[in-house]
Amino acid sequence: MALKFPIYMDNAATTRTDPRAVEAMLPYFTEKFGNSASRNHVFGWDAEDGIEIAREHAASLIGASSKEIIWTSGSTESNNLAIKGTARMYAKSPEGTKNRGHIITCVIEHKAVLDPCKRLEREGFDVTWITPPPDGVVTRQMIAEAIRPDTILVSIMWVNNEIGTINEIPEIGKLCHEKGVIFHTDATQWVGKMPTDVERDCIDLMSWSSHKMYGPKGVGALFVRRRSPRVRLEAILDGGGHERGMRSGTLNVPGIVGFGKACELCCESMDADRERLFGLKQKLERELTSRLEVAQVNGHADRRVPHIANISFGYVEGESLLMGIKEIACSSGSACTSASLEPSYVLKNLGIGDELAHSSLRLSIGRWTTEAEIDYAIQAIEKSVNHLRTLSPLWDLFKEGIDVSKIEWQSH
Amino acid sequence: MALKFPIYMDNAATTRTDPRAVEAMLPYFTEKFGNSASRNHVFGWDAEDGIEIAREHAASLIGASSKEIIWTSGSTESNNLAIKGTARMYAKSPEGTKNRGHIITCVIEHKAVLDPCKRLEREGFDVTWITPPPDGVVTRQMIAEAIRPDTILVSIMWVNNEIGTINEIPEIGKLCHEKGVIFHTDATQWVGKMPTDVERDCIDLMSWSSHKMYGPKGVGALFVRRRSPRVRLEAILDGGGHERGMRSGTLNVPGIVGFGKACELCCESMDADRERLFGLKQKLERELTSRLEVAQVNGHADRRVPHIANISFGYVEGESLLMGIKEIACSSGSACTSASLEPSYVLKNLGIGDELAHSSLRLSIGRWTTEAEIDYAIQAIEKSVNHLRTLSPLWDLFKEGIDVSKIEWQSH
Amino acid sequence: MAYSEKVIDHYQNPRNVGSFGTSKDVADRKDIGVGIVGAPECGDVMQLQLRINDEGVIEDAKFKCFGCGSAIASSSLATEWIKGKSVDEALTIRNTQIVEELSLPPVKIHCSVLAEDSIRSAIADFQKKNGIVPANAVGAAAAH
Amino acid sequence: MAYSEKVIDHYQNPRNVGSFGTSKDVADRKDIGVGIVGAPECGDVMQLQLRINDEGVIEDAKFKCFGCGSAIASSSLATEWIKGKSVDEALTIRNTQIVEELSLPPVKIHCSVLAEDSIRSAIADFQKKNGIVPANAVGAAAAH
């Protein structure tokens with residue numbers, strides 16, 4: 001089959017919506033278009049039925065009860081609601097005071113976790129920021145050492161979105177339940193791709209997003225445990241009392257229906273997808289690191305999800321590499337996904353070095369990635385890296401045997 | 001043309017998405033499916049282009065610059081962001097203190113305004129709750145009397161969602177600008193239906209929602225004035241710094257594109273739609289109040305939008321009336337749109353009386369409402385009211401000349 | 001929250017609608033017991049009139065109702081159930097039986113309570129008119 | 001944030017890539033001025049080597065660049081512009097001209113600044129090697 005360009009390898013940023021999910025959504029725009037809060041007519045009932053079927057699918061994907069699913073606009077909102085909602089609900093002293101409670105998180109979390117935690121710091125909460133070792137894995141041991149008698153919340157992502165490392169989530173969950181601390185995980189890069197059981201793994205709050213698992217953008221979910229313990233949250237969006245009072249606002253009916261369908265599809269194809277993607281990722285990493293000098297896979301050697309490969313190519317700047325392989329849509333630690341030009345804080349914080357952060361490429365594959373695309377990517381990246389090294393003054397220095405990191409650079 | 005049942009007359013709850021808006025969205029699910037924050041490939045650029053074109057349409061619908069449009073998940077979020085964001089940004093003293101600033105709003109606002117204001121009261125702000133007279137109109141004079149030296153925010157809806165009354169928004173806007181007070185209006189039932197010019201009318205912050213104006217659910221906008229004055233807001237959703245730092249989170253690209261298309265369509269057909277709907281609403285109200293005894297139109301006689309009719313039929317309970325006209329999808333002040341069975345707080349607060357609140361019907365029409373549907377509704381409502389009055393002990397009392405309100409009822 | 005078929009049936013074809021006269025008409029009739037419960041500002045008022053013979057058997061029952069479909073169905077059903085029953089039998093009807101028969105959702109349970117109340121209230125009116133002191137008067141009042 | 005056609009052209013066909021030798025090779029050559037600006041941890045390093053004749057004319061220029069497409073294009077363009085120019089003329093090149101020629105977006109202006117810096121730095125190196133004190137040395141240094 002002929003390749004179709006550009007090849008999409010940025011599935012960690014967002015995924016294509018599965019056409020079956022789009023098809024499921026369509027009737028809810030123009031036929032069953034009611035407001036699910038309308039209690040008195042069939043348009044409202046149809047919308048509510050759609051919502052509740054989706055809730056069942058979302059719940060069964062993660063081993064929860066459907067009453068434990070709160071719909072949001074996406075992972076950012078889910079994370080904000082979980083973190084701020086818990087802190088403000090379980091605060092040990094009122095607003096305007098200090099020492100309102102202790103929160104543990106990690107410096108390589110997504111900004112949607114970091115920024116709410118920073119805000120809570122300003123609101124009088126105490127935050128411990130764990131820095132994982134260069135392999136990127138947050139362990140039970142690190143949390144155990146950080147927990148204090150006044151700890152109210154631990155928030156650790158299941159999978160890091162840039163390097164794909166898997167943290168010790170079940171172990172941390174069990175620890176938190178032993179210690180009576182509420183445990184939140186941002187599972188945006190995990191759910192739908194890997195088997196999930198919030199009950200077994202002692203998760204209290206879990207965020208995830210439709211558009212990272214082949215559903216539409218603009219919808220997310222927050223799992224909120226209802227028993228042992230029953231978790232309560234202070235809402236962020238007030239008004240009307242939808243979603244058990246935790247999230248007011250007219251529900252995005254078509255979006256939720258599409259998300260539900262995407263959950264159902266992930267349930268069905270997760271095992272096959274996972275194995276196939278793992279094989280493709282292995283090939284990509286193996287070929288690139290064997291064909292090219294000074295190419296390193298970032299993150300832990302084994303504890304990584306099958307869809308994210310993050311590789312640094314020494315002495316080549318990432319953005320220029322993206323330009324050289326413009327028929328492949330992927331991202332680099334060099335140019336942040338938001339408007340900033342700072343290199344990836346994730347790679348920086350792991351002590352990989354700013355230079356290798358600037359030289360990194362994230363290739364994230366998905367349901368429609370083919371082996372032919374992987375083969376093409378390998379060729380294209382090899383060629384472009386070699387070309388850029390002919391332009392690179394750093395490559396010359398490296399080849400002369402000079403340690404680039406020892407030079408005193410004239411920064412500007 | 002044969003009528004198609006059920007007839008939808010609940011356009012104030014939500015509207016059918018215009019098929020042209022759905023068509024505009026479709027490519028953004030499966031073809032141009034990128035994350036608009038992806039800066040390095042064509043999937044991201046296409047998504048961003050879609051967002052920015054939509055922003056232009058939204059801005060030109062309200063006379064703003066596109067840089068003044070912040071995308072949200074809907075009016076509830078827009079209202080929360082505008083009200084809490086302003087109060088927390090312009091607070092006169094820190095959290096945990098009293099007298100942090102004065103806010104003026106009105107008791108018949110939507111819950112998405114009332115509940116944030118109540119939360120701010122708990123956070124140390126002082127709120128004046130204006131109760132409008134039975135005609136429901138909030139005037140410049142009422143605000144002028146309530147403004148104090150420490151007033152930081154006035155939040156008054158443009159149109160009431162239950163009775164359709166139009167408040168003195170341009171006049172209140174000018175007053176607020178004279179006094180240096182930030183002015184927010186929840187314009188959910190106004191924008192897209194009536195000509196809007198935030199510049200002329202001195203609006204600083206304005207919320208509205210896609211799904212009330214023939215766009216998809218799950219998307220809203222907040223207009224945030226950028227000059228004279230430049231309004232600043234403390235974000236509610238942190239993380240990533242999207243939307244000029246005011247609203248983080250991956251943008252709902254297809255939803256926003258659909259919303260943009262809906263704005264464009266409203267620009268085109270607003271004048272014609274408005275005139276047609278006004279005629280239909282007039283007929284509905286005129287016929288029902290002339291054919292039936294003790295039937296009153298709620299709200300101001302003239303200052304009302306063309307798409308909302310709210311009529312009370314004395315001695316008939318609203319929910320049973322809905323059941324009697326089940327081929328017409330509409331709502332009643334008797335059963336609240338959320339899960340509560342409380343009668344409409346809007347009608348109650350206007351001093352119409354709980355009894356007439358329980359007897360009210362809201363018929364809200366829209367782009368696809370036909371005259372044949374109006375004629376059918378008139379017939380069906382007349383018939384059902386007459387039938388229910390044969391069952392009503394209150395109707396008998398009325399007919400015996402007994403004043404129902406003077407009886408001491410055995411409440412349970 | 002669609003209505004059950006039985007609620008719809010009672011709503012569309014209510015049994016025993018009507019009265020044996022206005023409040024004034026029946027005020028002095030010792031064979032008629034009148035119960036009016038609820039309040040307009042609460043959204044439901046039920047009026048039940050019972051014609052009771054010398055043996056204490058409810059020979060006929062008529063209702064009127066201002067209220068939602070579930071309230072109308074509950075009172076309609078109540079008239080069906082009590083016709084032909086003795087006063088004592090009628091007093092054994094519990095709102096939970098109405099809930100079950102009509103498959104009322106939790107938010108509509110108050111309608112069934114109102115129907116039970118209207119039966120008790122009408123019988124109490126009959127007993128008061130006839131100077132009968134019910135054995136369990138205190139208990140019944142305390143039940144609500 | 002698509003790149004302009006001129007940036008793409010310079011990226012794909014960079015002009016004057018290379019060097020007149022390694023740093024060590026050219027360290028003692030008085031006809032060569034070397035400028036290396038930027039830092040790896042900032043994501044861009046530009047190396048410019050100029051061969052300048054006795055009349056102070058830039059006879060040849062070579063660059064290498066570790067940096068994004070805009071940085072590569074800026075340095076490539078700089079070599080094109082300064083070849084054949086006198087040292088004094090080369091010093092009149094301003095980053096804003098590079099921004100304009102390449103249609104660089106605001107977030108990429110720093111690339112043009114780096115290119116201007118590399119010209120100044122290479123010329124300063126040449127002047128230092130040849131004991132020339134530039135008339136406007138203080139002014140030039142203060143400009144950045």
# chains A, B, ... in the order shown; residues from 1 in each chain; ligands from 1
>>> interface_residues(of="chain C", to="chain B", cutoff="8 Å", atoms="only C-alpha atoms", output="list in words")
Val17, Gly18, Thr22, Ile36, Val37, Gly38, Ala39, Pro40, Glu41, Cys42, Gly43, Asp44, Val45, Met46, Gln47, Phe63, Lys64, Cys65, Phe66, Gly67, Cys68, Gly69, Val107 and Leu114 of chain C
>>> select_by_dssp(residues="chain D", states="helix (DSSP H, G or I)", output="PyMOL selection string")
chain D and resi 5-12+23-26+40-42+69-82+87-90+95-102+106-129+137-142
>>> residues_around(residues="Asn16 in chain C", least_positions_apart="2", cutoff="9 Å", atoms="only C-alpha atoms", output="ChimeraX atom specification")
/C:14,18-19,60-64,76,79-80
>>> atom_distance(atom1="CA of Ile325 in chain B", atom2="CA of Met213 in chain B")
25.3 Å
>>> residues_around(residues="Ile182 in chain A", least_positions_apart="2", cutoff="10 Å", atoms="only C-alpha atoms", output="MDAnalysis selection string")
chainID A and resid 86:87 90 103 151:155 173 176:177 179:180 184 202:205 225 229 231
>>> closest_atom_pairs(of="chain A", to="chain B", cutoff="6 Å", atoms="only C-alpha atoms", output="CSV")
residue,atom,partner,partner_atom,distance
A:Thr14,CA,B:Asn35,CA,5.8
A:Arg16,CA,B:Thr30,CA,5.4
A:Thr17,CA,B:Phe29,CA,5.2
A:Phe29,CA,B:Thr17,CA,5.2
A:Thr30,CA,B:Arg16,CA,5.4
A:Phe33,CA,B:Arg16,CA,5.4
A:Asn35,CA,B:Thr14,CA,5.8
A:Ala37,CA,B:Ser338,CA,5.7
A:Ser38,CA,B:Thr337,CA,5.5
A:His41,CA,B:Ala329,CA,5.3
A:Thr76,CA,B:Gly249,CA,5.1
A:Glu95,CA,B:Gly96,CA,4.7
A:Gly96,CA,B:Gly96,CA,3.9
A:Lys111,CA,B:Gly239,CA,4.4
A:Ala112,CA,B:Gly239,CA,3.7
A:Asp115,CA,B:Gly239,CA,5.1
A:Pro116,CA,B:Asp238,CA,5.7
A:Lys217,CA,B:Asn252,CA,4.8
A:Gly218,CA,B:Asn252,CA,4.3
A:Asp238,CA,B:Asp115,CA,5.5
A:Gly239,CA,B:Ala112,CA,3.7
A:Gly240,CA,B:Lys111,CA,5.4
A:Gly249,CA,B:Thr76,CA,5.2
A:Asn252,CA,B:Gly218,CA,4.3
A:Ala329,CA,B:His41,CA,5.3
A:Thr337,CA,B:Ser38,CA,5.6
A:Ser338,CA,B:Ala37,CA,5.7
>>> write_last_selection(atoms="N, CA, C and O atoms", output="CSV table (one decimal), in the first residue's frame")
chain,number,residue,atom,x,y,z
A,14,THR,N,-2.4,14.3,20.3
A,14,THR,CA,-3.8,14.0,20.1
A,14,THR,C,-4.0,12.9,19.1
A,14,THR,O,-3.0,12.6,18.4
A,16,ARG,N,-6.4,10.8,16.1
A,16,ARG,CA,-7.5,10.9,15.1
A,16,ARG,C,-8.7,10.3,15.8
A,16,ARG,O,-8.6,9.3,16.5
A,17,THR,N,-9.8,10.9,15.6
A,17,THR,CA,-11.1,10.3,16.2
A,17,THR,C,-11.4,9.1,15.3
A,17,THR,O,-11.5,9.2,14.1
A,29,PHE,N,-26.3,15.5,17.1
A,29,PHE,CA,-26.2,16.9,16.7
A,29,PHE,C,-27.6,17.3,16.2
A,29,PHE,O,-28.0,18.4,16.5
A,30,THR,N,-28.2,16.5,15.4
A,30,THR,CA,-29.4,17.0,14.6
A,30,THR,C,-30.7,16.3,14.8
A,30,THR,O,-31.7,16.7,14.4
A,33,PHE,N,-31.0,15.8,19.7
A,33,PHE,CA,-30.1,17.0,20.1
A,33,PHE,C,-30.5,17.6,21.4
A,33,PHE,O,-30.1,18.7,21.7
A,35,ASN,N,-31.1,18.6,25.5
A,35,ASN,CA,-30.3,18.8,26.6
A,35,ASN,C,-30.6,17.7,27.6
A,35,ASN,O,-31.7,17.5,28.0
A,37,ALA,N,-30.4,17.5,30.6
A,37,ALA,CA,-31.0,18.0,31.8
A,37,ALA,C,-32.5,18.2,31.6
A,37,ALA,O,-33.2,18.5,32.6
A,38,SER,N,-33.0,18.1,30.4
A,38,SER,CA,-34.4,18.3,30.1
A,38,SER,C,-35.2,17.1,30.5
A,38,SER,O,-35.0,16.0,29.9
A,41,HIS,N,-39.2,15.7,28.2
A,41,HIS,CA,-39.5,15.3,26.8
A,41,HIS,C,-38.5,14.3,26.3
A,41,HIS,O,-37.4,14.2,26.8
A,76,THR,N,-7.3,18.4,31.4
A,76,THR,CA,-6.9,19.6,32.2
A,76,THR,C,-7.9,20.0,33.2
A,76,THR,O,-7.6,20.2,34.4
A,95,GLU,N,-9.0,29.3,54.4
A,95,GLU,CA,-8.3,30.2,53.5
A,95,GLU,C,-7.6,31.3,54.2
A,95,GLU,O,-8.1,31.9,55.2
A,96,GLY,N,-6.5,31.7,53.6
A,96,GLY,CA,-5.8,32.9,54.2
A,96,GLY,C,-4.8,32.5,55.3
A,96,GLY,O,-4.1,33.3,55.8
A,111,LYS,N,1.7,20.0,32.9
A,111,LYS,CA,1.4,21.4,33.4
A,111,LYS,C,0.1,21.5,34.1
A,111,LYS,O,-0.1,22.3,35.0
A,112,ALA,N,-0.9,20.7,33.6
A,112,ALA,CA,-2.2,20.7,34.2
A,112,ALA,C,-2.3,20.1,35.6
A,112,ALA,O,-3.3,20.2,36.3
A,115,ASP,N,0.6,23.3,37.5
A,115,ASP,CA,0.1,24.6,37.7
A,115,ASP,C,-1.0,24.7,38.8
A,115,ASP,O,-0.9,25.6,39.6
A,116,PRO,N,-1.9,23.7,38.8
A,116,PRO,CA,-2.8,23.7,40.0
A,116,PRO,C,-2.1,23.5,41.3
A,116,PRO,O,-2.4,24.2,42.3
A,217,LYS,N,-12.2,15.6,20.7
A,217,LYS,CA,-11.7,16.6,21.7
A,217,LYS,C,-12.8,17.2,22.4
A,217,LYS,O,-14.0,17.2,22.0
A,218,GLY,N,-12.5,17.9,23.6
A,218,GLY,CA,-13.5,18.6,24.3
A,218,GLY,C,-14.2,17.8,25.3
A,218,GLY,O,-15.2,18.3,25.9
A,238,ASP,N,-19.4,26.1,39.3
A,238,ASP,CA,-20.6,26.0,40.0
A,238,ASP,C,-21.8,26.5,39.1
A,238,ASP,O,-21.6,27.3,38.3
A,239,GLY,N,-23.0,25.9,39.4
A,239,GLY,CA,-24.2,26.4,38.8
A,239,GLY,C,-25.0,25.4,38.1
A,239,GLY,O,-24.7,24.9,37.0
A,240,GLY,N,-26.1,25.0,38.9
A,240,GLY,CA,-27.0,24.0,38.3
A,240,GLY,C,-26.9,22.6,38.9
A,240,GLY,O,-27.8,21.9,38.9
A,249,GLY,N,-22.9,22.5,34.4
A,249,GLY,CA,-22.8,22.9,33.0
A,249,GLY,C,-23.5,21.9,32.1
A,249,GLY,O,-23.5,20.7,32.4
A,252,ASN,N,-21.9,17.9,27.2
A,252,ASN,CA,-21.5,17.9,25.8
A,252,ASN,C,-22.0,16.5,25.2
A,252,ASN,O,-21.2,15.6,25.1
A,329,ALA,N,4.8,13.9,11.0
A,329,ALA,CA,4.3,14.8,12.0
A,329,ALA,C,4.6,14.3,13.4
A,329,ALA,O,4.0,13.3,13.8
A,337,THR,N,5.2,22.3,23.4
A,337,THR,CA,3.9,22.2,22.7
A,337,THR,C,3.1,23.5,22.8
A,337,THR,O,2.3,23.8,22.0
A,338,SER,N,3.3,24.3,23.9
A,338,SER,CA,2.7,25.6,24.0
A,338,SER,C,3.6,26.6,23.3
A,338,SER,O,4.6,26.2,22.7
>>> select_by_dssp(residues="range 68-148 of chain B", states="strand (DSSP E)", output="PyMOL selection string")
chain B and resi 69-72+102-106+126-130
>>> atom_distance(atom1="CA of Lys383 in chain A", atom2="CA of Ile163 in chain A")
23.4 Å
>>> atom_distance(atom1="CA of Trp158 in chain B", atom2="CA of Ala187 in chain B")
5.0 Å
>>> residues_around(residues="Asp125 in chain D", least_positions_apart="6", cutoff="7 Å", atoms="only C-alpha atoms", output="PyMOL selection string")
chain D and resi 33-35
>>> residues_around(residues="Asn160 in chain A", least_positions_apart="4", cutoff="8 Å", atoms="only C-alpha atoms", output="ChimeraX atom specification")
/A:108-110,164-166,189
>>> closest_residue(among="D:Ile58, D:Lys129, D:Ala2, D:Ala73", to="Cys111 in chain D", atoms="only C-alpha atoms")
D:Ala73
>>> closest_residue(among="C:Glu101, C:Asp9, C:Asp54, C:Asp117", to="Lys30 in chain C", atoms="only C-alpha atoms")
C:Asp54
>>> residues_around(residues="Ala2 in chain A", least_positions_apart="3", cutoff="12 Å", atoms="only C-alpha atoms", output="number ranges by chain")
A: 5, 7, 370-373, 376
>>> decode(residues="range 56-70 of chain B", atoms="N, CA and C atoms", output="mmCIF file, in the first residue's frame")
data_model
loop_
_atom_site.group_PDB
_atom_site.id
_atom_site.type_symbol
_atom_site.label_atom_id
_atom_site.label_comp_id
_atom_site.auth_asym_id
_atom_site.auth_seq_id
_atom_site.Cartn_x
_atom_site.Cartn_y
_atom_site.Cartn_z
ATOM 1 N N GLU B 56 -12.594 34.598 14.495
ATOM 2 C CA GLU B 56 -13.013 35.778 13.731
ATOM 3 C C GLU B 56 -14.543 35.850 13.641
ATOM 4 N N HIS B 57 -15.156 34.712 13.367
ATOM 5 C CA HIS B 57 -16.624 34.703 13.251
ATOM 6 C C HIS B 57 -17.281 35.071 14.582
ATOM 7 N N ALA B 58 -16.764 34.494 15.667
ATOM 8 C CA ALA B 58 -17.342 34.787 16.984
ATOM 9 C C ALA B 58 -17.174 36.259 17.313
ATOM 10 N N ALA B 59 -15.991 36.789 17.004
ATOM 11 C CA ALA B 59 -15.717 38.195 17.316
ATOM 12 C C ALA B 59 -16.611 39.116 16.493
ATOM 13 N N SER B 60 -16.764 38.789 15.204
ATOM 14 C CA SER B 60 -17.509 39.742 14.389
ATOM 15 C C SER B 60 -19.002 39.680 14.699
ATOM 16 N N LEU B 61 -19.466 38.572 15.256
ATOM 17 C CA LEU B 61 -20.873 38.490 15.673
ATOM 18 C C LEU B 61 -21.198 39.482 16.795
ATOM 19 N N ILE B 62 -20.181 39.843 17.586
ATOM 20 C CA ILE B 62 -20.439 40.692 18.759
ATOM 21 C C ILE B 62 -19.694 42.022 18.702
ATOM 22 N N GLY B 63 -19.050 42.303 17.580
ATOM 23 C CA GLY B 63 -18.353 43.579 17.451
ATOM 24 C C GLY B 63 -17.070 43.672 18.245
ATOM 25 N N ALA B 64 -16.398 42.520 18.436
ATOM 26 C CA ALA B 64 -15.152 42.506 19.205
ATOM 27 C C ALA B 64 -13.975 42.233 18.278
ATOM 28 N N SER B 65 -12.773 42.297 18.821
ATOM 29 C CA SER B 65 -11.604 41.851 18.080
ATOM 30 C C SER B 65 -11.386 40.377 18.434
ATOM 31 N N SER B 66 -10.819 39.618 17.482
ATOM 32 C CA SER B 66 -10.705 38.172 17.719
ATOM 33 C C SER B 66 -9.805 37.862 18.911
ATOM 34 N N LYS B 67 -8.921 38.797 19.245
ATOM 35 C CA LYS B 67 -8.039 38.560 20.399
ATOM 36 C C LYS B 67 -8.805 38.650 21.718
ATOM 37 N N GLU B 68 -10.036 39.110 21.651
ATOM 38 C CA GLU B 68 -10.815 39.265 22.884
ATOM 39 C C GLU B 68 -11.713 38.066 23.166
ATOM 40 N N ILE B 69 -11.587 37.016 22.339
ATOM 41 C CA ILE B 69 -12.439 35.829 22.500
ATOM 42 C C ILE B 69 -11.645 34.704 23.179
ATOM 43 N N ILE B 70 -12.153 34.217 24.291
ATOM 44 C CA ILE B 70 -11.554 33.074 24.990
ATOM 45 C C ILE B 70 -12.517 31.902 24.833
#
